[in-house]
file target_36.pdb (PDB, C-alpha atoms)
ATOM      1  CA  MET A 153     -18.440  -8.242  20.393
ATOM      2  CA  SER A 154     -19.348  -4.633  19.679
ATOM      3  CA  SER A 155     -17.735  -1.958  17.493
ATOM      4  CA  GLU A 156     -16.516  -0.273  20.672
ATOM      5  CA  MET A 157     -14.729  -3.460  21.714
ATOM      6  CA  PHE A 158     -13.053  -3.842  18.310
ATOM      7  CA  MET A 159     -11.794  -0.280  18.387
ATOM      8  CA  ARG A 160     -10.655  -0.692  21.974
ATOM      9  CA  LEU A 161      -8.585  -3.706  20.897
ATOM     10  CA  ALA A 162      -7.000  -1.664  18.090
ATOM     11  CA  VAL A 163      -6.173   1.107  20.604
ATOM     12  CA  LYS A 164      -4.705  -1.419  23.055
ATOM     13  CA  LYS A 165      -2.572  -2.938  20.290
ATOM     14  CA  ALA A 166      -1.396   0.509  19.153
ATOM     15  CA  LEU A 167      -0.393   1.359  22.738
ATOM     16  CA  ASP A 168       1.512  -1.967  22.934
ATOM     17  CA  GLY A 169       3.339  -0.908  19.791
ATOM     18  CA  VAL A 170       4.168   2.541  21.160
ATOM     19  CA  ARG A 171       5.629   0.952  24.311
ATOM     20  CA  LYS A 172       7.821  -1.184  22.054
ATOM     21  CA  GLY A 173       9.068   1.853  20.146
ATOM     22  CA  GLN A 174       6.750   1.531  17.149
ATOM     23  CA  ALA A 175       4.690   4.235  15.436
ATOM     24  CA  PRO A 176       1.310   4.998  17.094
ATOM     25  CA  PHE A 177      -1.201   3.182  14.940
ATOM     26  CA  GLY A 178      -3.298   0.030  15.405
ATOM     27  CA  ALA A 179      -5.869  -1.839  13.321
ATOM     28  CA  CYS A 180      -8.191  -4.842  13.582
ATOM     29  CA  VAL A 181      -9.748  -6.886  10.790
ATOM     30  CA  VAL A 182     -13.164  -8.185  11.831
ATOM     31  CA  LYS A 183     -15.515 -10.660  10.161
ATOM     32  CA  ASP A 184     -18.964 -11.745  11.316
ATOM     33  CA  GLY A 185     -18.405 -10.151  14.700
ATOM     34  CA  LYS A 186     -15.069 -11.908  15.255
ATOM     35  CA  VAL A 187     -11.541 -10.484  15.308
ATOM     36  CA  ILE A 188      -9.456 -12.068  12.551
ATOM     37  CA  SER A 189      -6.286 -10.034  13.144
ATOM     38  CA  CYS A 190      -5.197  -7.098  15.277
ATOM     39  CA  GLU A 191      -1.823  -5.441  14.665
ATOM     40  CA  HIS A 192       0.173  -2.334  15.373
ATOM     41  CA  ASN A 193       2.429  -0.446  12.987
ATOM     42  CA  ALA A 194       5.629  -2.468  12.634
ATOM     43  CA  VAL A 195       7.647  -0.387  10.155
ATOM     44  CA  TRP A 196      10.635  -0.043  12.464
ATOM     45  CA  LYS A 197      10.379  -3.515  13.999
ATOM     46  CA  MET A 198      10.125  -5.302  10.638
ATOM     47  CA  LYS A 199      12.324  -2.789   8.779
ATOM     48  CA  ASP A 200       9.567  -2.731   6.173
ATOM     49  CA  CYS A 201       8.341   0.645   4.942
ATOM     50  CA  THR A 202       4.974  -0.917   4.025
ATOM     51  CA  ALA A 203       4.277  -2.395   7.474
ATOM     52  CA  HIS A 204       1.557   0.050   8.519
ATOM     53  CA  ALA A 205      -0.932  -1.383  11.039
ATOM     54  CA  GLU A 206      -3.656  -1.900   8.425
ATOM     55  CA  ILE A 207      -1.297  -3.584   5.937
ATOM     56  CA  VAL A 208       0.077  -5.973   8.561
ATOM     57  CA  ALA A 209      -3.469  -6.754   9.752
ATOM     58  CA  LEU A 210      -4.717  -7.333   6.172
ATOM     59  CA  ARG A 211      -1.781  -9.651   5.414
ATOM     60  CA  LYS A 212      -2.406 -11.636   8.555
ATOM     61  CA  ALA A 213      -6.131 -11.857   7.779
ATOM     62  CA  CYS A 214      -5.374 -13.159   4.259
ATOM     63  CA  GLU A 215      -3.046 -15.743   5.789
ATOM     64  CA  LYS A 216      -5.519 -16.809   8.474
ATOM     65  CA  LEU A 217      -8.522 -17.047   6.164
ATOM     66  CA  GLY A 218      -6.434 -18.524   3.330
ATOM     67  CA  THR A 219      -7.734 -16.040   0.774
ATOM     68  CA  ILE A 220      -6.970 -12.674  -0.796
ATOM     69  CA  ASP A 221     -10.690 -11.864  -0.850
ATOM     70  CA  LEU A 222     -11.677 -10.244   2.433
ATOM     71  CA  SER A 223     -15.219  -9.388   1.296
ATOM     72  CA  GLY A 224     -17.493  -8.907   4.262
ATOM     73  CA  CYS A 225     -14.596  -7.938   6.537
ATOM     74  CA  GLU A 226     -14.358  -4.595   8.309
ATOM     75  CA  VAL A 227     -11.250  -2.699   9.327
ATOM     76  CA  TYR A 228     -11.142  -0.802  12.634
ATOM     77  CA  SER A 229      -8.230   1.591  12.624
ATOM     78  CA  THR A 230      -7.154   4.010  15.349
ATOM     79  CA  CYS A 231      -6.352   6.582  12.637
ATOM     80  CA  GLU A 232      -7.693   7.265   9.151
ATOM     81  CA  PRO A 233      -5.858   4.893   6.812
ATOM     82  CA  CYS A 234      -3.247   6.575   4.605
ATOM     83  CA  PRO A 235      -3.762   6.270   0.817
ATOM     84  CA  MET A 236      -1.583   3.114   0.756
ATOM     85  CA  CYS A 237      -3.714   1.457   3.406
ATOM     86  CA  PHE A 238      -7.024   2.688   1.970
ATOM     87  CA  SER A 239      -6.012   1.242  -1.415
ATOM     88  CA  ALA A 240      -4.934  -2.031   0.189
ATOM     89  CA  CYS A 241      -8.366  -2.268   1.863
ATOM     90  CA  HIS A 242      -9.932  -1.707  -1.526
ATOM     91  CA  TRP A 243      -7.843  -4.430  -3.193
ATOM     92  CA  ALA A 244      -8.750  -6.810  -0.360
ATOM     93  CA  LYS A 245     -12.457  -6.028  -0.943
ATOM     94  CA  ILE A 246     -12.904  -4.789   2.626
ATOM     95  CA  SER A 247     -16.537  -3.668   2.999
ATOM     96  CA  ARG A 248     -16.186  -1.033   5.688
ATOM     97  CA  ILE A 249     -13.509   1.091   7.312
ATOM     98  CA  CYS A 250     -14.139   2.552  10.750
ATOM     99  CA  TYR A 251     -11.534   4.941  12.119
ATOM    100  CA  GLY A 252     -10.903   7.240  15.075
ATOM    101  CA  THR A 253      -8.522  10.120  14.498
ATOM    102  CA  ARG A 254      -8.090  11.839  11.147
ATOM    103  CA  ILE A 255      -5.020  12.241   8.938
ATOM    104  CA  GLU A 256      -5.005  15.893  10.105
ATOM    105  CA  ASP A 257      -4.763  14.766  13.731
ATOM    106  CA  ALA A 258      -1.773  12.602  12.802
ATOM    107  CA  LYS A 259      -0.273  15.680  11.148
ATOM    108  CA  ARG A 260      -0.421  17.615  14.433
ATOM    109  CA  PHE A 261       1.774  14.925  15.948
ATOM    110  CA  GLY A 262       4.321  15.071  13.158
ATOM    111  CA  PHE A 263       2.972  12.454  10.737
ATOM    112  CA  ASN A 264       2.454  14.933   7.987
ATOM    113  CA  GLU A 265       2.749  13.230   4.639
ATOM    114  CA  LEU A 266       0.254  12.148   1.999
ATOM    115  CA  GLN A 267      -2.651  14.390   2.971
ATOM    116  CA  ILE A 268      -5.309  12.657   0.902
ATOM    117  CA  SER A 269      -8.421  11.766   2.893
ATOM    118  CA  ASN A 270     -10.277   8.485   2.582
ATOM    119  CA  GLU A 271     -13.295  10.366   1.261
ATOM    120  CA  GLN A 272     -11.174  11.884  -1.520
ATOM    121  CA  MET A 273      -9.691   8.476  -2.367
ATOM    122  CA  LYS A 274     -13.135   6.882  -2.350
ATOM    123  CA  GLY A 275     -14.636   9.540  -4.607
ATOM    124  CA  GLN A 276     -11.837   9.502  -7.141
ATOM    125  CA  ALA A 277     -11.489   5.749  -7.260
ATOM    126  CA  ASN A 278     -15.242   5.327  -7.526
ATOM    127  CA  SER A 279     -15.030   2.924  -4.600
ATOM    128  CA  LYS A 280     -18.059   1.603  -2.708
ATOM    129  CA  MET A 281     -16.186   1.432   0.598
ATOM    130  CA  GLU A 282     -18.354   2.286   3.585
ATOM    131  CA  ILE A 283     -16.464   4.731   5.812
ATOM    132  CA  GLU A 284     -17.171   5.692   9.410
ATOM    133  CA  ALA A 285     -14.987   8.571  10.554
ATOM    134  CA  GLY A 286     -14.283   9.911  14.026
ATOM    135  CA  PHE A 287     -15.378   6.765  15.867
ATOM    136  CA  MET A 288     -14.076   6.883  19.486
ATOM    137  CA  ARG A 289     -11.756   9.662  18.431
ATOM    138  CA  ASP A 290     -10.854  10.663  21.998
ATOM    139  CA  GLU A 291      -9.669   7.184  22.934
ATOM    140  CA  CYS A 292      -7.750   6.905  19.667
ATOM    141  CA  MET A 293      -6.133  10.280  20.329
ATOM    142  CA  GLU A 294      -4.651   8.845  23.534
ATOM    143  CA  VAL A 295      -2.352   6.706  21.359
ATOM    144  CA  PHE A 296      -0.774   9.816  19.825
ATOM    145  CA  LYS A 297      -0.497  11.429  23.262
ATOM    146  CA  GLU A 298       1.273   8.385  24.681
ATOM    147  CA  TRP A 299       3.618   8.375  21.683
ATOM    148  CA  GLN A 300       4.298  12.103  22.098
ATOM    149  CA  LYS A 301       5.111  11.637  25.798
ATOM    150  CA  ARG A 302       7.667   8.997  24.922
ATOM    151  CA  GLN A 303       9.296  11.181  22.301
ATOM    152  CA  GLY A 304       9.851  13.875  24.900
ATOM    153  CA  LEU A 305       8.390  16.334  22.403
ATOM    154  CA  SER A 306       6.076  19.232  23.027
ATOM    155  CA  TYR A 307       3.793  20.906  20.529
TER     156      TYR A 307
ATOM    157  CA  MET C 197      23.466  -0.419 -16.564
ATOM    158  CA  SER C 198      21.003   1.794 -18.415
ATOM    159  CA  SER C 199      17.341   2.669 -17.805
ATOM    160  CA  GLU C 200      16.436   0.431 -20.742
ATOM    161  CA  MET C 201      18.176  -2.505 -19.088
ATOM    162  CA  PHE C 202      16.377  -1.929 -15.773
ATOM    163  CA  MET C 203      13.003  -1.822 -17.471
ATOM    164  CA  ARG C 204      13.855  -4.872 -19.528
ATOM    165  CA  LEU C 205      14.612  -6.754 -16.306
ATOM    166  CA  ALA C 206      11.244  -5.699 -14.868
ATOM    167  CA  VAL C 207       9.515  -6.908 -18.061
ATOM    168  CA  LYS C 208      11.380 -10.226 -17.934
ATOM    169  CA  LYS C 209      10.423 -10.715 -14.290
ATOM    170  CA  ALA C 210       6.792  -9.855 -15.042
ATOM    171  CA  LEU C 211       6.757 -12.424 -17.868
ATOM    172  CA  ASP C 212       8.238 -15.010 -15.465
ATOM    173  CA  GLY C 213       5.367 -14.242 -13.118
ATOM    174  CA  VAL C 214       2.757 -14.587 -15.869
ATOM    175  CA  ARG C 215       4.175 -17.985 -16.807
ATOM    176  CA  LYS C 216       3.790 -19.024 -13.167
ATOM    177  CA  GLY C 217       0.159 -17.904 -13.089
ATOM    178  CA  GLN C 218       0.723 -14.550 -11.439
ATOM    179  CA  ALA C 219      -0.715 -11.155 -12.409
ATOM    180  CA  PRO C 220       1.177  -9.317 -15.210
ATOM    181  CA  PHE C 221       3.259  -6.745 -13.366
ATOM    182  CA  GLY C 222       6.972  -6.413 -12.591
ATOM    183  CA  ALA C 223       9.152  -3.861 -10.816
ATOM    184  CA  CYS C 224      12.820  -3.182 -10.050
ATOM    185  CA  VAL C 225      14.309  -1.036  -7.303
ATOM    186  CA  VAL C 226      17.556   0.547  -8.472
ATOM    187  CA  LYS C 227      20.197   2.497  -6.567
ATOM    188  CA  ASP C 228      23.362   4.086  -7.951
ATOM    189  CA  GLY C 229      22.949   2.209 -11.203
ATOM    190  CA  LYS C 230      22.575  -1.176  -9.497
ATOM    191  CA  VAL C 231      19.528  -3.414  -9.196
ATOM    192  CA  ILE C 232      18.630  -3.890  -5.535
ATOM    193  CA  SER C 233      15.505  -5.992  -6.101
ATOM    194  CA  CYS C 234      13.376  -7.139  -9.025
ATOM    195  CA  GLU C 235      10.024  -8.803  -8.396
ATOM    196  CA  HIS C 236       6.770  -9.747 -10.074
ATOM    197  CA  ASN C 237       3.285  -9.472  -8.627
ATOM    198  CA  ALA C 238       2.872 -12.312  -6.128
ATOM    199  CA  VAL C 239      -0.661 -11.756  -4.810
ATOM    200  CA  TRP C 240      -1.839 -15.244  -5.744
ATOM    201  CA  LYS C 241       1.419 -17.015  -4.946
ATOM    202  CA  MET C 242       1.791 -15.421  -1.503
ATOM    203  CA  LYS C 243      -1.959 -15.238  -0.840
ATOM    204  CA  ASP C 244      -1.315 -11.637   0.144
ATOM    205  CA  CYS C 245      -3.580  -8.946  -1.289
ATOM    206  CA  THR C 246      -0.797  -6.370  -0.829
ATOM    207  CA  ALA C 247       1.878  -8.294  -2.769
ATOM    208  CA  HIS C 248       1.922  -6.084  -5.873
ATOM    209  CA  ALA C 249       5.247  -6.110  -7.729
ATOM    210  CA  GLU C 250       6.317  -2.701  -6.382
ATOM    211  CA  ILE C 251       5.419  -3.574  -2.776
ATOM    212  CA  VAL C 252       7.317  -6.876  -2.904
ATOM    213  CA  ALA C 253      10.311  -5.136  -4.511
ATOM    214  CA  LEU C 254      10.258  -2.299  -1.929
ATOM    215  CA  ARG C 255      10.100  -4.794   0.945
ATOM    216  CA  LYS C 256      12.988  -6.756  -0.461
ATOM    217  CA  ALA C 257      15.010  -3.573  -0.994
ATOM    218  CA  CYS C 258      14.392  -2.511   2.641
ATOM    219  CA  GLU C 259      15.523  -5.961   3.756
ATOM    220  CA  LYS C 260      18.610  -5.986   1.549
ATOM    221  CA  LEU C 261      19.732  -2.455   2.406
ATOM    222  CA  GLY C 262      18.742  -2.850   6.060
ATOM    223  CA  THR C 263      16.744   0.386   6.112
ATOM    224  CA  ILE C 264      13.247   1.756   5.604
ATOM    225  CA  ASP C 265      14.728   4.846   3.934
ATOM    226  CA  LEU C 266      15.147   4.195   0.221
ATOM    227  CA  SER C 267      16.140   7.788  -0.599
ATOM    228  CA  GLY C 268      18.038   7.950  -3.836
ATOM    229  CA  CYS C 269      16.439   4.747  -5.133
ATOM    230  CA  GLU C 270      14.374   4.591  -8.304
ATOM    231  CA  VAL C 271      11.504   2.251  -9.131
ATOM    232  CA  TYR C 272      11.117   0.853 -12.646
ATOM    233  CA  SER C 273       7.649  -0.602 -13.056
ATOM    234  CA  THR C 274       6.127  -2.229 -16.135
ATOM    235  CA  CYS C 275       2.836  -0.460 -15.333
ATOM    236  CA  GLU C 276       1.939   2.773 -13.573
ATOM    237  CA  PRO C 277       1.891   2.013  -9.837
ATOM    238  CA  CYS C 278      -1.584   1.823  -8.304
ATOM    239  CA  PRO C 279      -2.321   4.318  -5.487
ATOM    240  CA  MET C 280      -1.217   1.734  -2.898
ATOM    241  CA  CYS C 281       2.143   1.290  -4.617
ATOM    242  CA  PHE C 282       2.618   4.987  -5.339
ATOM    243  CA  SER C 283       2.005   5.739  -1.662
ATOM    244  CA  ALA C 284       4.393   2.968  -0.603
ATOM    245  CA  CYS C 285       7.079   4.518  -2.851
ATOM    246  CA  HIS C 286       6.412   7.833  -1.169
ATOM    247  CA  TRP C 287       6.731   6.365   2.340
ATOM    248  CA  ALA C 288       9.967   4.674   1.292
ATOM    249  CA  LYS C 289      11.278   8.053   0.055
ATOM    250  CA  ILE C 290      11.800   6.726  -3.468
ATOM    251  CA  SER C 291      13.128   9.597  -5.597
ATOM    252  CA  ARG C 292      11.817   8.602  -9.003
ATOM    253  CA  ILE C 293       9.247   6.301 -10.563
ATOM    254  CA  CYS C 294       9.649   5.255 -14.182
ATOM    255  CA  TYR C 295       6.827   3.222 -15.703
ATOM    256  CA  GLY C 296       5.725   1.774 -19.029
ATOM    257  CA  THR C 297       2.009   1.200 -19.471
ATOM    258  CA  ARG C 298      -0.651   3.345 -17.814
ATOM    259  CA  ILE C 299      -3.435   2.429 -15.378
ATOM    260  CA  GLU C 300      -5.815   2.893 -18.355
ATOM    261  CA  ASP C 301      -3.874   0.261 -20.326
ATOM    262  CA  ALA C 302      -4.254  -2.138 -17.394
ATOM    263  CA  LYS C 303      -7.971  -1.354 -17.424
ATOM    264  CA  ARG C 304      -8.252  -2.525 -21.042
ATOM    265  CA  PHE C 305      -6.960  -5.896 -19.895
ATOM    266  CA  GLY C 306      -9.454  -6.175 -17.071
ATOM    267  CA  PHE C 307      -7.515  -4.561 -14.215
ATOM    268  CA  ASN C 308      -9.998  -1.812 -13.750
ATOM    269  CA  GLU C 309      -9.957  -0.621 -10.183
ATOM    270  CA  LEU C 310      -8.630   2.453  -8.424
ATOM    271  CA  GLN C 311      -8.356   4.770 -11.406
ATOM    272  CA  ILE C 312      -6.234   7.421  -9.744
ATOM    273  CA  SER C 313      -3.143   8.343 -11.734
ATOM    274  CA  ASN C 314       0.295   8.897 -10.236
ATOM    275  CA  GLU C 315       0.122  12.534 -11.337
ATOM    276  CA  GLN C 316      -3.146  12.989  -9.426
ATOM    277  CA  MET C 317      -1.686  11.306  -6.340
ATOM    278  CA  LYS C 318       1.449  13.401  -6.583
ATOM    279  CA  GLY C 319      -0.456  16.669  -6.941
ATOM    280  CA  GLN C 320      -2.858  16.026  -4.097
ATOM    281  CA  ALA C 321      -0.257  14.639  -1.731
ATOM    282  CA  ASN C 322       2.096  17.479  -2.519
ATOM    283  CA  SER C 323       4.771  14.889  -3.254
ATOM    284  CA  LYS C 324       8.098  15.673  -4.883
ATOM    285  CA  MET C 325       8.283  12.306  -6.636
ATOM    286  CA  GLU C 326       9.847  12.485 -10.073
ATOM    287  CA  ILE C 327       7.683  10.538 -12.528
ATOM    288  CA  GLU C 328       8.549   9.299 -15.993
ATOM    289  CA  ALA C 329       5.530   7.876 -17.799
ATOM    290  CA  GLY C 330       5.268   5.749 -20.918
ATOM    291  CA  PHE C 331       8.886   4.539 -20.860
ATOM    292  CA  MET C 332       9.264   1.506 -23.170
ATOM    293  CA  ARG C 333       5.490   1.239 -23.212
ATOM    294  CA  ASP C 334       5.397  -1.195 -26.159
ATOM    295  CA  GLU C 335       7.671  -3.716 -24.455
ATOM    296  CA  CYS C 336       5.716  -3.376 -21.231
ATOM    297  CA  MET C 337       2.474  -3.909 -23.128
ATOM    298  CA  GLU C 338       3.772  -7.331 -24.190
ATOM    299  CA  VAL C 339       3.366  -8.476 -20.580
ATOM    300  CA  PHE C 340      -0.376  -7.813 -20.712
ATOM    301  CA  LYS C 341      -0.614  -9.506 -24.104
ATOM    302  CA  GLU C 342       1.152 -12.604 -22.818
ATOM    303  CA  TRP C 343      -1.158 -12.658 -19.818
ATOM    304  CA  GLN C 344      -4.210 -12.268 -22.031
ATOM    305  CA  LYS C 345      -3.098 -15.130 -24.249
ATOM    306  CA  ARG C 346      -2.819 -17.378 -21.229
ATOM    307  CA  GLN C 347      -6.275 -16.427 -19.977
ATOM    308  CA  GLY C 348      -7.765 -17.484 -23.299
ATOM    309  CA  LEU C 349      -9.582 -14.179 -23.340
ATOM    310  CA  SER C 350     -10.205 -11.908 -26.259
ATOM    311  CA  TYR C 351     -10.982  -8.216 -26.145
TER     312      TYR C 351
END
call {"tool": "encode", "arguments": {"input": "target_36.pdb", "output": "structure tokens"}}
result
Amino acid sequence: MSSEMFMRLAVKKALDGVRKGQAPFGACVVKDGKVISCEHNAVWKMKDCTAHAEIVALRKACEKLGTIDLSGCEVYSTCEPCPMCFSACHWAKISRICYGTRIEDAKRFGFNELQISNEQMKGQANSKMEIEAGFMRDECMEVFKEWQKRQGLSY
Amino acid sequence: MSSEMFMRLAVKKALDGVRKGQAPFGACVVKDGKVISCEHNAVWKMKDCTAHAEIVALRKACEKLGTIDLSGCEVYSTCEPCPMCFSACHWAKISRICYGTRIEDAKRFGFNELQISNEQMKGQANSKMEIEAGFMRDECMEVFKEWQKRQGLSY
């Protein structure tokens, strides 16, 4: 499977979430070219303020692989991970984060807290995380647009 | 109950965790002078890389109070929350974080990743979180010492 396919799965999962009333974010954990977990944000569904897409996907990956060490795994996320999720990726020893939209894009749609970019986090934490930004941004943006439509909001 | 009692509970829980082979961190969520949850780090026990003491305590508090909005709650943590936990507190709308030892203290005991202080996170994220640092630091330090003893390590 290709990077495009992984991101497309994350987008599909995020759209599933939006249709179920969840926040518009999706993430896949991938290892050796295989999807280990793919989840959408489940904060409202699980009534858990930590249940961002990346966190839920990391937890599931730990469970599936039976380890807290996700070295060699990559995270594909429809949006730039927030500082909580970036830090969680770091603790899990994720090697690479690939994301579509940026925290600033999320802000335009009303998700406007914790404006610390992954590059800032990486620099300050002296992390070796590989980061690919803006990957398939247009497709990832569709998730926000779908969410916005369902909110009946206009910007 | 007083702040001292809340922190003492967090220390006791952290020591419980250490005796069960878990990492040396504990945290309480408190609302209106009552303990809502008190947990130790459970990363190894739960095989969940995100199961830091604060995260587990926040999740439990959300579950117990039936909401993702922990406005008005305080977090007492034996050690300065890492950036993941600080961000989780922010998402949960925690009003105040009170902690004992600092991230640098944790570093001395081998927990040396993600050196971004709560003050740095707060400043950059433009957060209104109230932070009390160094509260009952000596008692909180005992948790690290107990952990160190059990590792058979010397520094």
call {"tool": "residues_around", "arguments": {"input": "target_36.pdb", "residues": "segment 279-293 of chain C", "least_positions_apart": "5", "cutoff": "6 Å", "atoms": "only C-alpha atoms", "output": "list in words"}}
result
Cys201, Met236 and Ser239 of chain A; Asp265, Leu266, Ser267, Gly268, Cys269, Glu270, Val271, Met325, Glu326 and Ile327 of chain C
call {"tool": "calpha_fit_and_write", "arguments": {"input": "target_36.pdb", "fixed": "chain A", "moving": "chain C", "output": "compact mmCIF listing (two decimals) with C-alpha atoms, keeping the file's coordinate frame"}}
result
# COMPACT_ATOMS: atom_id res chain seq x y z
CA MET C 197 -18.47 -8.26 20.39
CA SER C 198 -19.36 -4.64 19.67
CA SER C 199 -17.75 -1.96 17.50
CA GLU C 200 -16.52 -0.28 20.68
CA MET C 201 -14.74 -3.46 21.72
CA PHE C 202 -13.06 -3.84 18.31
CA MET C 203 -11.79 -0.28 18.40
CA ARG C 204 -10.66 -0.68 21.98
CA LEU C 205 -8.59 -3.70 20.91
CA ALA C 206 -7.01 -1.66 18.11
CA VAL C 207 -6.18 1.11 20.62
CA LYS C 208 -4.69 -1.41 23.06
CA LYS C 209 -2.56 -2.94 20.30
CA ALA C 210 -1.41 0.50 19.16
CA LEU C 211 -0.39 1.36 22.74
CA ASP C 212 1.52 -1.95 22.93
CA GLY C 213 3.35 -0.90 19.78
CA VAL C 214 4.17 2.55 21.17
CA ARG C 215 5.62 0.96 24.30
CA LYS C 216 7.83 -1.18 22.06
CA GLY C 217 9.07 1.87 20.15
CA GLN C 218 6.77 1.53 17.17
CA ALA C 219 4.70 4.24 15.45
CA PRO C 220 1.31 5.00 17.11
CA PHE C 221 -1.20 3.17 14.94
CA GLY C 222 -3.29 0.02 15.40
CA ALA C 223 -5.86 -1.85 13.33
CA CYS C 224 -8.20 -4.85 13.59
CA VAL C 225 -9.75 -6.89 10.79
CA VAL C 226 -13.17 -8.17 11.83
CA LYS C 227 -15.50 -10.66 10.16
CA ASP C 228 -18.95 -11.75 11.33
CA GLY C 229 -18.38 -10.15 14.70
CA LYS C 230 -15.05 -11.90 15.26
CA VAL C 231 -11.54 -10.48 15.31
CA ILE C 232 -9.45 -12.06 12.56
CA SER C 233 -6.29 -10.03 13.16
CA CYS C 234 -5.19 -7.10 15.29
CA GLU C 235 -1.82 -5.45 14.67
CA HIS C 236 0.17 -2.32 15.39
CA ASN C 237 2.42 -0.44 12.99
CA ALA C 238 5.62 -2.46 12.63
CA VAL C 239 7.64 -0.38 10.15
CA TRP C 240 10.63 -0.04 12.47
CA LYS C 241 10.39 -3.51 13.98
CA MET C 242 10.12 -5.28 10.61
CA LYS C 243 12.32 -2.78 8.77
CA ASP C 244 9.57 -2.71 6.17
CA CYS C 245 8.34 0.67 4.93
CA THR C 246 4.98 -0.90 4.03
CA ALA C 247 4.27 -2.39 7.47
CA HIS C 248 1.55 0.05 8.53
CA ALA C 249 -0.93 -1.39 11.03
CA GLU C 250 -3.66 -1.91 8.41
CA ILE C 251 -1.30 -3.59 5.93
CA VAL C 252 0.08 -5.98 8.56
CA ALA C 253 -3.46 -6.77 9.75
CA LEU C 254 -4.72 -7.33 6.17
CA ARG C 255 -1.79 -9.65 5.41
CA LYS C 256 -2.41 -11.63 8.56
CA ALA C 257 -6.14 -11.85 7.79
CA CYS C 258 -5.38 -13.16 4.26
CA GLU C 259 -3.05 -15.73 5.79
CA LYS C 260 -5.51 -16.79 8.48
CA LEU C 261 -8.52 -17.03 6.18
CA GLY C 262 -6.45 -18.52 3.35
CA THR C 263 -7.75 -16.03 0.78
CA ILE C 264 -6.97 -12.67 -0.80
CA ASP C 265 -10.69 -11.86 -0.84
CA LEU C 266 -11.67 -10.24 2.44
CA SER C 267 -15.22 -9.39 1.31
CA GLY C 268 -17.49 -8.91 4.26
CA CYS C 269 -14.60 -7.95 6.55
CA GLU C 270 -14.36 -4.61 8.31
CA VAL C 271 -11.25 -2.69 9.33
CA TYR C 272 -11.14 -0.81 12.63
CA SER C 273 -8.22 1.59 12.62
CA THR C 274 -7.15 4.01 15.35
CA CYS C 275 -6.36 6.58 12.64
CA GLU C 276 -7.70 7.25 9.16
CA PRO C 277 -5.86 4.89 6.80
CA CYS C 278 -3.24 6.57 4.61
CA PRO C 279 -3.77 6.28 0.82
CA MET C 280 -1.59 3.14 0.75
CA CYS C 281 -3.73 1.46 3.41
CA PHE C 282 -7.02 2.67 1.97
CA SER C 283 -6.02 1.25 -1.41
CA ALA C 284 -4.93 -2.03 0.19
CA CYS C 285 -8.37 -2.28 1.87
CA HIS C 286 -9.93 -1.71 -1.52
CA TRP C 287 -7.84 -4.44 -3.19
CA ALA C 288 -8.75 -6.80 -0.35
CA LYS C 289 -12.45 -6.02 -0.95
CA ILE C 290 -12.91 -4.79 2.62
CA SER C 291 -16.54 -3.67 2.99
CA ARG C 292 -16.18 -1.02 5.67
CA ILE C 293 -13.50 1.10 7.31
CA CYS C 294 -14.14 2.56 10.74
CA TYR C 295 -11.52 4.93 12.11
CA GLY C 296 -10.90 7.23 15.06
CA THR C 297 -8.51 10.11 14.49
CA ARG C 298 -8.08 11.83 11.13
CA ILE C 299 -5.00 12.24 8.92
CA GLU C 300 -4.99 15.90 10.08
CA ASP C 301 -4.76 14.75 13.72
CA ALA C 302 -1.76 12.60 12.79
CA LYS C 303 -0.26 15.66 11.12
CA ARG C 304 -0.42 17.60 14.40
CA PHE C 305 1.78 14.91 15.92
CA GLY C 306 4.34 15.08 13.15
CA PHE C 307 2.97 12.47 10.73
CA ASN C 308 2.45 14.93 7.97
CA GLU C 309 2.72 13.21 4.64
CA LEU C 310 0.23 12.15 1.99
CA GLN C 311 -2.66 14.39 2.97
CA ILE C 312 -5.31 12.65 0.91
CA SER C 313 -8.42 11.76 2.88
CA ASN C 314 -10.29 8.47 2.59
CA GLU C 315 -13.30 10.37 1.25
CA GLN C 316 -11.16 11.88 -1.52
CA MET C 317 -9.69 8.47 -2.36
CA LYS C 318 -13.12 6.90 -2.35
CA GLY C 319 -14.63 9.56 -4.60
CA GLN C 320 -11.84 9.53 -7.15
CA ALA C 321 -11.48 5.77 -7.25
CA ASN C 322 -15.22 5.33 -7.52
CA SER C 323 -15.02 2.93 -4.59
CA LYS C 324 -18.04 1.61 -2.72
CA MET C 325 -16.18 1.43 0.59
CA GLU C 326 -18.35 2.29 3.57
CA ILE C 327 -16.47 4.73 5.81
CA GLU C 328 -17.17 5.70 9.39
CA ALA C 329 -14.99 8.57 10.56
CA GLY C 330 -14.27 9.91 14.03
CA PHE C 331 -15.39 6.77 15.88
CA MET C 332 -14.08 6.87 19.48
CA ARG C 333 -11.76 9.66 18.42
CA ASP C 334 -10.84 10.67 21.99
CA GLU C 335 -9.66 7.19 22.93
CA CYS C 336 -7.74 6.91 19.68
CA MET C 337 -6.14 10.28 20.32
CA GLU C 338 -4.64 8.85 23.52
CA VAL C 339 -2.35 6.71 21.36
CA PHE C 340 -0.77 9.82 19.83
CA LYS C 341 -0.49 11.43 23.26
CA GLU C 342 1.28 8.39 24.67
CA TRP C 343 3.62 8.38 21.70
CA GLN C 344 4.32 12.09 22.11
CA LYS C 345 5.11 11.64 25.79
CA ARG C 346 7.65 8.98 24.92
CA GLN C 347 9.31 11.16 22.29
CA GLY C 348 9.85 13.87 24.89
CA LEU C 349 8.37 16.30 22.40
CA SER C 350 6.04 19.16 23.06
CA TYR C 351 3.73 20.83 20.59
call {"tool": "residues_around", "arguments": {"input": "target_36.pdb", "residues": "Tyr251 of chain A", "least_positions_apart": "2", "cutoff": "7 Å", "atoms": "all atoms listed in the file", "output": "VMD selection string"}}
result
chain A and resid 228 to 232 249 253 284 to 287
call {"tool": "residues_around", "arguments": {"input": "target_36.pdb", "residues": "Phe261 of chain A", "least_positions_apart": "6", "cutoff": "9 Å", "atoms": "all atoms listed in the file", "output": "number ranges by chain"}}
result
A: 296-297, 299-300, 307
